[in-house]
file data-v3.tsv (TSV, C-alpha atoms)
chain	number	residue	atom	x	y	z
A	1	SER	CA	0.23	7.08	-35.60
A	2	GLY	CA	1.77	9.98	-33.70
A	3	LYS	CA	3.79	11.68	-36.44
A	4	ASN	CA	3.06	15.43	-36.50
A	5	LYS	CA	0.50	14.86	-33.74
A	6	ILE	CA	0.37	16.49	-30.33
A	7	ALA	CA	-1.23	14.67	-27.39
A	8	LEU	CA	-2.61	16.82	-24.62
A	9	PRO	CA	-5.27	16.69	-21.90
A	10	GLY	CA	-8.81	17.15	-23.17
A	11	LEU	CA	-10.09	20.72	-22.99
A	12	ILE	CA	-12.46	21.74	-20.18
A	13	ASN	CA	-15.38	24.04	-20.98
A	14	GLY	CA	-16.15	25.65	-17.61
A	15	HIS	CA	-19.48	27.24	-18.51
A	16	SER	CA	-22.08	26.23	-21.06
A	17	HIS	CA	-25.78	25.84	-21.72
A	18	ALA	CA	-25.45	22.86	-24.05
A	19	ALA	CA	-29.04	22.51	-25.26
A	20	MET	CA	-29.04	26.14	-26.39
A	21	THR	CA	-27.22	25.01	-29.54
A	22	LEU	CA	-30.80	24.82	-30.89
A	23	LEU	CA	-31.07	28.61	-30.45
A	24	ARG	CA	-27.77	29.33	-32.21
A	25	GLY	CA	-28.02	32.60	-34.16
A	26	ILE	CA	-31.67	33.20	-33.34
A	27	ALA	CA	-31.33	36.59	-31.64
A	28	ASP	CA	-27.96	38.11	-32.40
A	29	ASP	CA	-26.60	41.64	-31.92
A	30	ARG	CA	-28.61	42.51	-28.79
A	31	SER	CA	-27.70	43.39	-25.20
A	32	LEU	CA	-27.81	40.68	-22.52
A	33	ILE	CA	-31.04	41.77	-20.82
A	34	ASP	CA	-32.87	42.53	-24.10
A	35	TRP	CA	-31.60	39.18	-25.48
A	36	LEU	CA	-32.78	37.27	-22.38
A	37	ASN	CA	-36.11	38.96	-21.64
A	38	ASN	CA	-37.41	39.59	-25.15
A	39	TYR	CA	-36.06	36.63	-27.09
A	40	ILE	CA	-34.50	33.75	-25.14
A	41	PHE	CA	-36.88	33.48	-22.14
A	42	PRO	CA	-40.08	33.64	-24.32
A	43	LEU	CA	-38.68	31.04	-26.75
A	44	GLU	CA	-37.72	28.78	-23.86
A	45	GLN	CA	-41.22	29.11	-22.39
A	46	GLU	CA	-42.69	27.96	-25.68
A	47	PHE	CA	-40.29	25.28	-26.86
A	48	VAL	CA	-38.12	23.88	-24.09
A	49	ASP	CA	-39.21	20.41	-23.04
A	50	SER	CA	-37.31	17.19	-22.45
A	51	GLU	CA	-37.15	16.46	-26.20
A	52	PHE	CA	-35.68	19.92	-26.96
A	53	VAL	CA	-33.06	19.38	-24.26
A	54	ARG	CA	-32.19	15.89	-25.48
A	55	ILE	CA	-31.67	16.95	-29.11
A	56	GLY	CA	-29.87	20.19	-28.22
A	57	THR	CA	-27.52	18.41	-25.82
A	58	GLU	CA	-26.75	15.70	-28.39
A	59	LEU	CA	-25.87	18.41	-30.92
A	60	ALA	CA	-23.64	20.13	-28.33
A	61	CYS	CA	-21.89	16.86	-27.44
A	62	TRP	CA	-21.16	16.24	-31.12
A	63	GLU	CA	-19.71	19.75	-31.46
A	64	MET	CA	-17.64	19.49	-28.28
A	65	ILE	CA	-16.22	16.08	-29.15
A	66	ARG	CA	-15.40	17.42	-32.62
A	67	GLY	CA	-13.40	20.25	-31.05
A	68	GLY	CA	-11.52	18.30	-28.38
A	69	THR	CA	-13.56	19.34	-25.34
A	70	THR	CA	-13.75	16.33	-23.02
A	71	THR	CA	-15.31	17.89	-19.89
A	72	PHE	CA	-17.92	20.62	-19.57
A	73	VAL	CA	-19.90	22.40	-16.88
A	74	ASP	CA	-23.52	22.78	-17.96
A	75	MET	CA	-26.46	24.81	-16.69
A	76	TYR	CA	-29.86	24.14	-18.15
A	77	PHE	CA	-33.24	22.50	-17.56
A	78	TYR	CA	-34.10	18.78	-17.32
A	79	PRO	CA	-30.72	17.77	-15.85
A	80	ASP	CA	-31.79	14.10	-15.83
A	81	VAL	CA	-32.15	14.20	-19.61
A	82	ILE	CA	-28.82	16.03	-20.03
A	83	SER	CA	-27.06	13.50	-17.79
A	84	LYS	CA	-28.40	10.56	-19.78
A	85	VAL	CA	-27.26	12.10	-23.09
A	86	VAL	CA	-23.80	12.99	-21.74
A	87	ALA	CA	-23.33	9.55	-20.19
A	88	GLN	CA	-24.30	7.93	-23.49
A	89	CYS	CA	-22.03	10.11	-25.64
A	90	GLY	CA	-19.12	9.48	-23.26
A	91	LEU	CA	-18.18	13.05	-22.33
A	92	ARG	CA	-17.43	14.09	-18.77
A	93	GLY	CA	-19.95	16.58	-17.39
A	94	LEU	CA	-20.73	18.61	-14.31
A	95	ILE	CA	-24.45	18.96	-14.91
A	96	SER	CA	-26.31	21.69	-13.01
A	97	SER	CA	-29.85	21.47	-11.86
A	98	THR	CA	-30.86	25.08	-12.59
A	99	VAL	CA	-32.42	27.14	-9.81
A	100	SER	CA	-34.30	30.28	-10.81
A	101	ASN	CA	-37.27	32.32	-9.62
A	102	ASN	CA	-38.38	32.87	-13.19
A	103	GLN	CA	-40.91	30.34	-14.29
A	104	THR	CA	-38.76	27.59	-15.74
A	105	PRO	CA	-39.79	24.66	-17.92
A	106	ASN	CA	-39.28	22.12	-15.15
A	107	ALA	CA	-40.05	23.98	-11.89
A	108	GLU	CA	-42.91	26.13	-10.56
A	109	ASN	CA	-40.67	28.38	-8.45
A	110	ALA	CA	-37.22	28.57	-6.85
A	111	GLN	CA	-38.06	26.31	-3.87
A	112	ASP	CA	-39.48	23.71	-6.25
A	113	ALA	CA	-36.25	23.97	-8.29
A	114	ILE	CA	-34.10	23.54	-5.15
A	115	ASN	CA	-36.11	20.46	-4.09
A	116	GLY	CA	-35.84	19.04	-7.62
A	117	GLY	CA	-32.10	19.75	-7.58
A	118	LYS	CA	-31.63	17.78	-4.38
A	119	GLU	CA	-33.57	14.81	-5.80
A	120	TYR	CA	-31.48	14.97	-8.98
A	121	ILE	CA	-28.21	15.02	-6.99
A	122	ASP	CA	-29.32	12.14	-4.76
A	123	HIS	CA	-30.20	10.10	-7.84
A	124	TRP	CA	-27.03	10.78	-9.89
A	125	LYS	CA	-24.28	11.19	-7.30
A	126	ASN	CA	-21.58	8.51	-7.80
A	127	LYS	CA	-23.85	6.67	-10.24
A	128	ILE	CA	-21.66	7.05	-13.35
A	129	PRO	CA	-17.97	8.09	-13.08
A	130	THR	CA	-18.23	10.70	-15.85
A	131	ILE	CA	-21.31	12.53	-14.48
A	132	THR	CA	-21.13	14.94	-11.52
A	133	PRO	CA	-24.54	16.38	-10.55
A	134	ILE	CA	-24.31	19.96	-9.23
A	135	LEU	CA	-26.54	22.94	-8.42
A	136	GLY	CA	-26.86	25.95	-10.74
A	137	PRO	CA	-28.50	28.98	-9.11
A	138	HIS	CA	-28.94	31.25	-12.12
A	139	ALA	CA	-27.97	34.70	-10.80
A	140	ILE	CA	-28.56	37.28	-8.07
A	141	TYR	CA	-31.25	38.96	-10.21
A	142	THR	CA	-33.31	35.78	-10.72
A	143	LEU	CA	-33.12	34.64	-7.07
A	144	ASP	CA	-33.30	36.54	-3.79
A	145	LEU	CA	-30.68	36.18	-1.05
A	146	ASP	CA	-32.78	33.73	1.01
A	147	GLN	CA	-33.15	31.44	-2.01
A	148	LEU	CA	-29.42	31.70	-2.75
A	149	LYS	CA	-28.67	30.91	0.90
A	150	GLU	CA	-30.93	27.85	0.74
A	151	THR	CA	-29.24	26.69	-2.49
A	152	ARG	CA	-25.85	26.88	-0.76
A	153	ARG	CA	-27.22	24.97	2.25
A	154	ILE	CA	-28.40	22.12	0.01
A	155	ALA	CA	-25.10	22.18	-1.92
A	156	ASN	CA	-23.10	21.81	1.30
A	157	LEU	CA	-25.50	19.20	2.66
A	158	THR	CA	-24.96	17.06	-0.47
A	159	ASP	CA	-21.25	18.00	-0.84
A	160	THR	CA	-21.94	19.50	-4.26
A	161	PRO	CA	-20.28	22.38	-6.14
A	162	ILE	CA	-22.31	25.38	-7.30
A	163	SER	CA	-22.13	27.04	-10.71
A	164	ILE	CA	-23.53	30.60	-10.94
A	165	HIS	CA	-23.52	33.62	-13.27
A	166	LEU	CA	-21.70	36.31	-11.32
A	167	SER	CA	-20.97	40.01	-11.91
A	168	GLU	CA	-21.73	39.47	-15.60
A	169	SER	CA	-23.21	42.82	-16.61
A	170	GLU	CA	-23.65	46.41	-15.49
A	171	PHE	CA	-27.37	45.61	-15.19
A	172	GLU	CA	-26.55	43.01	-12.50
A	173	LEU	CA	-24.27	45.46	-10.69
A	174	ASN	CA	-26.96	48.16	-10.64
A	175	TYR	CA	-29.67	45.69	-9.68
A	176	SER	CA	-27.69	44.44	-6.69
A	177	LYS	CA	-26.77	47.94	-5.55
A	178	SER	CA	-30.35	49.21	-5.74
A	179	THR	CA	-31.81	46.03	-4.15
A	180	TYR	CA	-29.23	45.26	-1.46
A	181	GLY	CA	-27.08	48.40	-1.23
A	182	MET	CA	-24.08	46.23	-2.19
A	183	THR	CA	-22.46	44.85	-5.33
A	184	SER	CA	-23.41	41.26	-6.16
A	185	ILE	CA	-20.20	39.62	-4.87
A	186	GLU	CA	-20.44	41.58	-1.59
A	187	ALA	CA	-24.12	40.63	-1.24
A	188	LEU	CA	-23.37	36.94	-1.77
A	189	ASP	CA	-20.43	37.09	0.61
A	190	SER	CA	-22.71	38.63	3.27
A	191	ILE	CA	-24.78	35.39	3.30
A	192	ASP	CA	-21.69	33.10	3.25
A	193	PHE	CA	-22.61	31.94	-0.24
A	194	PHE	CA	-18.94	31.29	-1.08
A	195	ASN	CA	-18.56	28.89	1.84
A	196	GLY	CA	-18.26	25.85	-0.43
A	197	ARG	CA	-16.93	25.16	-3.93
A	198	THR	CA	-18.12	27.90	-6.29
A	199	ILE	CA	-17.70	28.00	-10.06
A	200	ALA	CA	-18.38	31.63	-10.97
A	201	ALA	CA	-19.12	32.33	-14.63
A	202	HIS	CA	-18.13	35.66	-16.22
A	203	VAL	CA	-17.03	37.99	-13.34
A	204	VAL	CA	-16.71	40.96	-15.69
A	205	TRP	CA	-17.36	43.81	-13.23
A	206	PRO	CA	-15.64	43.00	-9.90
A	207	THR	CA	-14.27	45.83	-7.76
A	208	LYS	CA	-10.81	45.57	-6.14
A	209	LYS	CA	-12.54	44.72	-2.88
A	210	GLU	CA	-14.54	41.97	-4.58
A	211	ILE	CA	-11.45	40.50	-6.25
A	212	LYS	CA	-9.98	40.18	-2.75
A	213	ILE	CA	-13.17	38.43	-1.53
A	214	LEU	CA	-13.07	35.94	-4.44
A	215	ALA	CA	-9.39	35.17	-3.77
A	216	GLU	CA	-9.95	34.69	-0.02
A	217	ARG	CA	-12.97	32.44	-0.59
A	218	ASN	CA	-11.20	30.34	-3.28
A	219	VAL	CA	-13.89	31.06	-5.86
A	220	GLY	CA	-12.94	29.77	-9.31
A	221	VAL	CA	-13.73	32.15	-12.16
A	222	ILE	CA	-14.75	31.01	-15.64
A	223	HIS	CA	-13.89	33.59	-18.31
A	224	ASN	CA	-16.19	33.62	-21.37
A	225	PRO	CA	-14.49	36.12	-23.72
A	226	THR	CA	-16.55	35.52	-26.88
A	227	SER	CA	-19.94	35.77	-25.18
A	228	ASN	CA	-18.87	38.81	-23.12
A	229	MET	CA	-17.68	40.57	-26.28
A	230	LYS	CA	-20.71	39.63	-28.37
A	231	LEU	CA	-23.25	40.76	-25.78
A	232	ALA	CA	-21.04	43.80	-24.99
A	233	SER	CA	-21.09	42.77	-21.34
A	234	GLY	CA	-17.55	44.07	-20.90
A	235	ILE	CA	-13.97	42.81	-20.53
A	236	ALA	CA	-13.23	40.77	-17.42
A	237	PRO	CA	-10.13	41.97	-15.49
A	238	ILE	CA	-8.41	38.60	-15.89
A	239	THR	CA	-4.88	39.93	-15.33
A	240	GLU	CA	-5.88	41.56	-12.01
A	241	MET	CA	-7.68	38.41	-10.85
A	242	LEU	CA	-4.69	36.23	-11.72
A	243	ASP	CA	-2.40	38.62	-9.84
A	244	ALA	CA	-4.68	38.26	-6.81
A	245	GLY	CA	-4.25	34.47	-6.95
A	246	ILE	CA	-7.70	33.63	-8.33
A	247	LEU	CA	-7.90	30.48	-10.43
A	248	ILE	CA	-9.27	31.21	-13.91
A	249	GLY	CA	-10.81	28.74	-16.32
A	250	LEU	CA	-12.42	29.26	-19.72
A	251	GLY	CA	-15.91	28.68	-21.06
A	252	THR	CA	-17.89	29.19	-24.22
A	253	ASP	CA	-21.26	30.06	-22.61
A	254	GLY	CA	-24.21	28.84	-24.71
A	255	ALA	CA	-24.15	28.66	-28.49
A	256	ALA	CA	-26.99	31.21	-28.51
A	257	SER	CA	-24.55	33.89	-27.33
A	258	ASN	CA	-21.22	32.74	-28.78
A	259	ASN	CA	-22.22	31.19	-31.37
A	260	ASP	CA	-20.17	28.01	-31.15
A	261	LEU	CA	-18.59	25.74	-28.53
A	262	ASP	CA	-15.01	26.12	-29.75
A	263	MET	CA	-12.56	26.25	-26.83
A	264	TRP	CA	-9.59	27.00	-29.13
A	265	GLU	CA	-11.29	30.27	-30.02
A	266	GLU	CA	-11.85	31.05	-26.33
A	267	MET	CA	-8.15	30.53	-25.59
A	268	ARG	CA	-7.10	32.76	-28.46
A	269	LEU	CA	-9.56	35.55	-27.63
A	270	ALA	CA	-8.79	35.41	-23.90
A	271	ALA	CA	-5.12	36.06	-24.62
A	272	LEU	CA	-5.67	38.76	-27.25
A	273	LEU	CA	-8.32	40.61	-25.26
A	274	GLN	CA	-6.09	41.06	-22.22
A	275	LYS	CA	-3.10	42.10	-24.35
A	276	VAL	CA	-4.98	44.86	-26.16
A	277	THR	CA	-6.82	46.01	-23.02
A	278	LYS	CA	-3.59	46.28	-21.05
A	279	MET	CA	-1.65	47.48	-24.10
A	280	ASP	CA	0.93	44.88	-23.09
A	281	PRO	CA	1.75	41.93	-25.39
A	282	GLU	CA	3.36	40.03	-22.51
A	283	VAL	CA	0.23	39.54	-20.40
A	284	LEU	CA	-1.56	36.20	-20.57
A	285	PRO	CA	1.05	34.19	-22.51
A	286	ALA	CA	0.05	31.03	-24.40
A	287	ILE	CA	1.07	28.62	-21.61
A	288	THR	CA	-1.14	30.45	-19.06
A	289	VAL	CA	-4.14	30.28	-21.38
A	290	LEU	CA	-3.57	26.60	-22.14
A	291	ARG	CA	-3.55	25.88	-18.40
A	292	MET	CA	-6.82	27.79	-18.03
A	293	ALA	CA	-8.43	25.35	-20.46
A	294	THR	CA	-6.92	22.27	-18.78
A	295	ALA	CA	-5.19	21.99	-15.37
A	296	ASN	CA	-6.59	25.19	-13.80
A	297	ALA	CA	-10.14	24.45	-14.92
A	298	ALA	CA	-9.81	20.93	-13.47
A	299	LYS	CA	-8.88	22.49	-10.11
A	300	ILE	CA	-11.84	24.91	-10.21
A	301	ILE	CA	-14.32	22.07	-10.76
A	302	GLY	CA	-12.67	19.85	-8.15
A	303	LEU	CA	-11.30	17.19	-10.51
A	304	GLU	CA	-7.60	18.12	-10.40
A	305	LYS	CA	-6.70	14.62	-9.13
A	306	GLU	CA	-8.41	13.03	-12.14
A	307	ILE	CA	-8.12	15.26	-15.22
A	308	GLY	CA	-6.35	18.28	-16.70
A	309	ARG	CA	-2.83	16.87	-16.91
A	310	LEU	CA	-1.21	13.94	-18.69
A	311	GLU	CA	0.28	12.05	-15.77
A	312	ILE	CA	0.37	8.49	-14.47
A	313	GLY	CA	-2.65	7.81	-12.29
A	314	MET	CA	-4.91	10.38	-13.99
A	315	LYS	CA	-8.02	9.46	-15.97
A	316	ALA	CA	-7.39	8.90	-19.67
A	317	ASP	CA	-9.01	12.09	-21.02
A	318	ILE	CA	-6.70	12.69	-23.96
A	319	ILE	CA	-6.94	14.44	-27.30
A	320	GLN	CA	-4.62	14.31	-30.28
A	321	VAL	CA	-4.15	17.38	-32.45
A	322	ALA	CA	-2.77	17.04	-35.99
A	323	PHE	CA	-0.01	19.54	-36.78
A	324	ASP	CA	0.31	18.75	-40.49
A	325	ASP	CA	-2.18	21.23	-41.98
A	326	VAL	CA	-0.89	24.31	-43.77
A	327	HIS	CA	-1.49	26.76	-40.91
A	328	HIS	CA	0.76	24.73	-38.61
A	329	GLN	CA	3.79	25.08	-40.87
A	330	PRO	CA	6.45	25.95	-39.82
A	331	ASN	CA	6.34	24.96	-36.16
A	332	TYR	CA	8.80	26.60	-33.76
A	333	ASP	CA	6.72	26.48	-30.57
A	334	ILE	CA	4.05	23.84	-29.86
A	335	THR	CA	2.32	25.75	-27.03
A	336	SER	CA	2.11	28.92	-29.09
A	337	HIS	CA	0.63	26.98	-32.02
A	338	LEU	CA	-1.96	25.28	-29.81
A	339	VAL	CA	-3.27	28.66	-28.64
A	340	TYR	CA	-2.76	30.94	-31.64
A	341	VAL	CA	-3.14	28.55	-34.60
A	342	THR	CA	-5.10	25.40	-33.74
A	343	ASP	CA	-8.82	25.18	-34.38
A	344	GLU	CA	-11.34	22.40	-33.87
A	345	GLN	CA	-10.77	20.93	-37.34
A	346	ASP	CA	-7.23	19.99	-36.25
A	347	VAL	CA	-8.48	17.66	-33.51
A	348	GLU	CA	-8.05	14.10	-34.72
A	349	THR	CA	-8.64	11.84	-31.74
A	350	VAL	CA	-10.72	12.22	-28.59
A	351	ILE	CA	-10.57	9.78	-25.68
A	352	VAL	CA	-12.55	10.18	-22.43
A	353	ASP	CA	-12.10	7.88	-19.45
A	354	GLY	CA	-10.11	5.56	-21.72
A	355	LYS	CA	-12.94	5.29	-24.27
A	356	LEU	CA	-12.45	6.34	-27.89
A	357	LEU	CA	-15.15	8.89	-28.84
A	358	MET	CA	-13.77	10.19	-32.13
A	359	HIS	CA	-10.98	9.38	-34.56
A	360	LYS	CA	-10.47	11.07	-37.94
A	361	ASP	CA	-14.05	12.38	-38.24
A	362	GLN	CA	-15.56	9.08	-37.16
A	363	PHE	CA	-17.83	9.31	-34.10
A	364	PHE	CA	-18.26	6.15	-32.07
A	365	THR	CA	-20.87	7.17	-29.50
A	366	LEU	CA	-23.19	9.41	-31.53
A	367	ASP	CA	-25.43	8.92	-34.57
A	368	THR	CA	-24.58	12.24	-36.22
A	369	LYS	CA	-26.93	11.70	-39.20
A	370	LYS	CA	-29.90	11.16	-36.86
A	371	ILE	CA	-28.95	14.20	-34.77
A	372	SER	CA	-28.86	16.40	-37.91
A	373	GLU	CA	-32.29	15.16	-38.99
A	374	GLU	CA	-33.85	15.80	-35.56
A	375	VAL	CA	-32.23	19.24	-35.33
A	376	ALA	CA	-33.72	20.18	-38.73
A	377	ILE	CA	-37.24	19.19	-37.64
A	378	ILE	CA	-37.23	21.05	-34.31
A	379	THR	CA	-35.53	24.19	-35.62
A	380	THR	CA	-38.03	24.46	-38.50
A	381	LYS	CA	-40.80	24.65	-35.87
A	382	ILE	CA	-38.90	27.35	-33.95
A	383	ALA	CA	-38.18	29.36	-37.11
A	384	ASN	CA	-41.84	29.20	-38.18
A	385	SER	CA	-42.95	30.54	-34.82
A	386	ILE	CA	-40.93	33.75	-35.17
A	387	ASP	CA	-41.62	34.52	-38.85
call {"tool": "encode", "arguments": {"input": "data-v3.tsv", "output": "structure tokens"}}
result
Amino acid sequence: SGKNKIALPGLINGHSHAAMTLLRGIADDRSLIDWLNNYIFPLEQEFVDSEFVRIGTELACWEMIRGGTTTFVDMYFYPDVISKVVAQCGLRGLISSTVSNNQTPNAENAQDAINGGKEYIDHWKNKIPTITPILGPHAIYTLDLDQLKETRRIANLTDTPISIHLSESEFELNYSKSTYGMTSIEALDSIDFFNGRTIAAHVVWPTKKEIKILAERNVGVIHNPTSNMKLASGIAPITEMLDAGILIGLGTDGAASNNDLDMWEEMRLAALLQKVTKMDPEVLPAITVLRMATANAAKIIGLEKEIGRLEIGMKADIIQVAFDDVHHQPNYDITSHLVYVTDEQDVETVIVDGKLLMHKDQFFTLDTKKISEEVAIITTKIANSID
């Protein structure tokens, strides 16, 4: 029934590393580069295989369905495995084949990763309506400009979007300046990297000049407020980017740096962070933030004709939020409540592509008991290795 229920488009998580749910809370309270080089990369070297990715992605799908996320952009290893899991659980996913120069679990080097990415795209393109295979070059500090140029060439050849970490930290800024004599966005622009659909995660440190470049090149920016705050990466100038006409979406990043996949929290923090930074309560109102998690994100990922709005002719990606719990009373403004009050426990029904995935804590496409058991086994091994 629809009494005290709000129907809205499913939420879109524009940047995640789904399988990293298995590393949730393992290396908290550290800076990005320390966290990556001394904890995450070594653990990935030791533990990440296709089984790790399968179990971690299943756990992430369970969490996202629970919270009303119906579409997500993912960047991790073994994209074939991720795609199978996502197709089975019924979510909509833009799944990146990760390209990195660091030794990764499923590629010898960057060129090997690019070749593997092309094979993956050729295999999955238009195979299942809910899966979009894409390329995920990791960052300017894990690839050189020639490798980034080649990744863009393959993306354009296969008519595929790119998802990349961009201008995320001061480390990246300094690295790019000392290596190329330019900031990272300028360096990428110099090789025409933005000539094609680009989903740019983070964008915390852009200059005014770079904001202009992003606007002119139609680069979509995915804001990850929780992760950026937790890793002390900085506060993205969202208000300035919006004023420049840049489309902004929202993402959770991985659960290893968030530590959950709750898009309601991202909406809330995105709004509050800009208000306190600008010392202006009127910036980033609730309706703007809600659009970031729905219609605007759909545009950034190229699915604006299919998802992000409840309209005739769109795909049936719909969630129902219950407004009868104590924190929703009284209710003067639905939009305000969705952004400043709602959390994932309020989501009651999740439908993707017309298929019912969850209703009142019942999951129809996942064996949650089995997932919990498998998570316990694999995480015990990981915990024992770091004792």
call {"tool": "atom_distance", "arguments": {"input": "data-v3.tsv", "atom1": "atom CA of Val81 of chain A", "atom2": "atom CA of Arg54 of chain A"}}
result
6.1 Å
call {"tool": "residues_around", "arguments": {"input": "data-v3.tsv", "residues": "Asn296 of chain A", "least_positions_apart": "4", "cutoff": "10 Å", "atoms": "all atoms listed in the file", "output": "ChimeraX atom specification"}}
result
/A:12,220,247-250,288-292,300-304,308-309
call {"tool": "closest_residue", "arguments": {"input": "data-v3.tsv", "among": "A:Arg152, A:Lys3, A:Arg66, A:Arg268", "to": "Leu284 of chain A", "atoms": "all atoms listed in the file"}}
result
A:Arg268
call {"tool": "closest_residue", "arguments": {"input": "data-v3.tsv", "among": "A:Ala295, A:Ile134, A:Val203, A:Ala256", "to": "Trp35 of chain A", "atoms": "all atoms listed in the file"}}
result
A:Ala256
call {"tool": "closest_atom_pairs", "arguments": {"input": "data-v3.tsv", "of": "segment 81-182 of chain A", "to": "segment 335-350 of chain A", "cutoff": "12 Å", "atoms": "all atoms listed in the file", "output": "Markdown table"}}
result
| residue | atom | partner | partner_atom | distance |
| --- | --- | --- | --- | --- |
| A:Cys89 | CA | A:Val350 | CA | 11.9 |
| A:Gly90 | CA | A:Val350 | CA | 10.3 |
| A:Leu91 | CA | A:Val350 | CA | 9.8 |
call {"tool": "closest_residue", "arguments": {"input": "data-v3.tsv", "among": "A:Gly10, A:Gly181, A:Pro225, A:Gly136", "to": "Ile199 of chain A", "atoms": "all atoms listed in the file"}}
result
A:Gly136
call {"tool": "closest_residue", "arguments": {"input": "data-v3.tsv", "among": "A:Ile65, A:Pro285, A:Phe193, A:Gly251", "to": "Leu356 of chain A", "atoms": "all atoms listed in the file"}}
result
A:Ile65
call {"tool": "atom_distance", "arguments": {"input": "data-v3.tsv", "atom1": "atom CA of Met279 of chain A", "atom2": "atom CA of Ala244 of chain A"}}
result
19.8 Å
call {"tool": "residues_around", "arguments": {"input": "data-v3.tsv", "residues": "Lys305 of chain A", "least_positions_apart": "4", "cutoff": "9 Å", "atoms": "only C-alpha atoms", "output": "NGL selection string"}}
result
:A and (298-299 or 309 or 313-315)
call {"tool": "atom_distance", "arguments": {"input": "data-v3.tsv", "atom1": "atom CA of Lys369 of chain A", "atom2": "atom CA of Ile82 of chain A"}}
result
19.7 Å
call {"tool": "closest_residue", "arguments": {"input": "data-v3.tsv", "among": "A:Ser50, A:Thr380, A:Thr160, A:Thr69", "to": "Ile95 of chain A", "atoms": "all atoms listed in the file"}}
result
A:Thr160
call {"tool": "residues_around", "arguments": {"input": "data-v3.tsv", "residues": "Phe77 of chain A", "least_positions_apart": "5", "cutoff": "7 Å", "atoms": "only C-alpha atoms", "output": "PDB file with C-alpha atoms, keeping the file's coordinate frame"}}
result
ATOM      1  CA  SER A  97     -29.850  21.470 -11.860  1.00  0.00           C
ATOM      2  CA  THR A  98     -30.860  25.080 -12.590  1.00  0.00           C
ATOM      3  CA  PRO A 105     -39.790  24.660 -17.920  1.00  0.00           C
ATOM      4  CA  ASN A 106     -39.280  22.120 -15.150  1.00  0.00           C
TER       5      ASN A 106
END
